[in-house]
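Asker: Input: one structure, supplied below.
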Amino acid sequence: KGKKQKNAPSSTPNVNTNTNTNAKANSFQSAAKSNPKEAKRILKLYNGDVQKGTMERISKARADLPFTDPALAEAMTLYEDETRWQISTRDLDVFTEASIPPNLFEASKRRVERLEELQNSGIVTQRDVHNGFQRVIWDASADARGFRSGAELIGDMQTRLNDALVTAAEPVLTAGKDGRILDVGCGTGSLVPELERAGIGRGQIVGVDISNDMVRVALEKYGGRVRFVASDFLEFDDELKFDTVLFGMSLQDLPDPIEALNKAATLVKPNGRIVIAHPQGASHVLMQRRNNILMVPNALPTLEDLKDMITVAGTSLERFRIVAEPGNPGDAVDEKHGYLAVLEATE
């Protein structure tokens, strides 16, 4: 059968820049009920409308970027425009494709060539582009997300998250007062209270996030005992190792999951764990990726993916074994329990 018919693009469509990884129902309203004074302050920061105010912040950050980092600004625009084009022309039948003006294909070719030129010159990398989008979006939403992060997750999502964090906490608790956990993609520190409920002290938690403003808000909320670091995770380092490295609803947002997991493996103590958790499941992440590939560039690794990773000789993951297997997107395990994968160091 031929490809399904779509209308030829007259221009490139919008790429959604909103992400909703926390599955919180009316979370701002819920948080506002318990703290109306703070809700009023947050609304003022966003000029009375959080969604509109967030988009205004994003637009301003993008407009300012050419003055601070022109090469990155150009690369981000090229990549965003080309992504829009690829989405708009995906799955066209041959007749519709033939009706598209040739100059649009030529424009696409020029974008790709210019991106390759920038990347081959070493001026900007694909990782820089990815991190640029992550910083702009998460910085813009940090104050609002920090306020509403205390809202309860929908339905059994909270139970799924709690179960995952209990699993993540086990090696930390076994290590006693010297136990440590690294929260990768910590955002505004929303998992700190959950980790405390699992028995981990604030002084045992370290959070790392790509967004300066997410970390700023996290420090405002939990600073003092919890250490938060604004950094690309792949560039993060610490003098001491961790009993657990946790990817709580974050691995899919990183540019390369294999590279991220190998990085995590270098930070884990003997007999420690890497825990990958997403209470909404792998199928939900696939949906997010379809809707918003700029912000969610990857699916969560399948069981077969993880098996392949730990069997590659000479990698940091070689010393790990799988002790909790994730379900596949849409299967009974994924639907009932969400996504949970646990890798444990064998030495």
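Starting from 1 in every chain, residues are counted up; chains themselves are A, B, ... following the order of the structure tokens, and ligands are numbered from 1 as listed.
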Run DSSP on the backbone of this structure and report the residues of range 287-327 of chain A it assigns to helix (DSSP H, G or I), as an MDAnalysis selection string.

Answerer: chainID A and resid 287:291 303:310 316:319

Asker: Quick one: everything within 7 Å of range 302-313 of chain A, counting only C-alpha atoms, minus sequence neighbours fewer than 3 positions away in the same chain. Send it as JSON, numbers by chain.

Answerer: {"A": [317, 318, 320, 325, 326, 328]}

Asker: Restrict the selected residues to N, CA and C atoms and save them as a PDB file, in the first residue's frame.

Answerer:
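File written: part-v8.pdb
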ATOM      1  N   LEU A 317      29.207   0.196  31.523  1.00  0.00           N
ATOM      2  CA  LEU A 317      28.040  -0.616  31.898  1.00  0.00           C
ATOM      3  C   LEU A 317      28.340  -2.110  31.940  1.00  0.00           C
ATOM      4  N   GLU A 318      29.523  -2.494  31.529  1.00  0.00           N
ATOM      5  CA  GLU A 318      29.849  -3.914  31.446  1.00  0.00           C
ATOM      6  C   GLU A 318      29.777  -4.602  32.805  1.00  0.00           C
ATOM      7  N   PHE A 320      27.573  -4.151  35.088  1.00  0.00           N
ATOM      8  CA  PHE A 320      26.213  -4.101  35.619  1.00  0.00           C
ATOM      9  C   PHE A 320      25.379  -5.288  35.139  1.00  0.00           C
ATOM     10  N   GLU A 325      13.362  -5.598  35.333  1.00  0.00           N
ATOM     11  CA  GLU A 325      13.168  -5.466  33.895  1.00  0.00           C
ATOM     12  C   GLU A 325      11.974  -4.564  33.580  1.00  0.00           C
ATOM     13  N   PRO A 326      12.148  -3.620  32.659  1.00  0.00           N
ATOM     14  CA  PRO A 326      11.021  -2.761  32.276  1.00  0.00           C
ATOM     15  C   PRO A 326      10.092  -3.474  31.311  1.00  0.00           C
ATOM     16  N   ASN A 328       7.645  -3.291  27.864  1.00  0.00           N
ATOM     17  CA  ASN A 328       7.742  -2.637  26.567  1.00  0.00           C
ATOM     18  C   ASN A 328       6.555  -1.693  26.383  1.00  0.00           C
TER      19      ASN A 328
END

Asker: Mind giving me the straight-line distance from CA of Phe133 in chain A to CA of Arg41 in chain A in Å, one decimal?

Answerer: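 Computing it gives 26.5 Å between the two atoms.
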
Asker: Quick one: residues within 7 Å of Asp253 in chain A, only C-alpha atoms counted, chain neighbours fewer than 2 positions away excluded, as a JSON list (two decimals) with C-alpha atoms, in the first residue's frame?

Answerer:
[["chain", "number", "residue", "atom", "x", "y", "z"],
["A", 250, "SER", "CA", 14.41, 12.41, 32.78],
["A", 251, "LEU", "CA", 16.39, 9.92, 30.67],
["A", 255, "PRO", "CA", 20.57, 13.74, 24.05],
["A", 295, "MET", "CA", 12.34, 18.34, 23.97],
["A", 296, "VAL", "CA", 11.86, 14.56, 24.11],
["A", 297, "PRO", "CA", 14.35, 13.23, 21.56],
["A", 298, "ASN", "CA", 14.43, 9.61, 22.74]]

Asker: So which residues of range 227-346 of chain A fall under strand (DSSP E or B) by DSSP, listed as a PyMOL selection string?

Answerer: chain A and resi 227-230+242-248+268-278+320-324+339-345

Asker: Using only C-alpha atoms, I'd like a table of the residues in range 169-239 of chain A that come within 8 Å of range 262-283 of chain A; for each, show the closest atom pair and its distance in Å rounded to one decimal, ordered by chain and ascending number, as JSON lines.

Answerer:
{"residue": "A:Pro171", "atom": "CA", "partner": "A:Gly272", "partner_atom": "CA", "distance": 6.1}
{"residue": "A:Leu234", "atom": "CA", "partner": "A:Lys263", "partner_atom": "CA", "distance": 6.4}
{"residue": "A:Asp237", "atom": "CA", "partner": "A:Leu267", "partner_atom": "CA", "distance": 7.9}
{"residue": "A:Asp238", "atom": "CA", "partner": "A:Leu267", "partner_atom": "CA", "distance": 7.9}
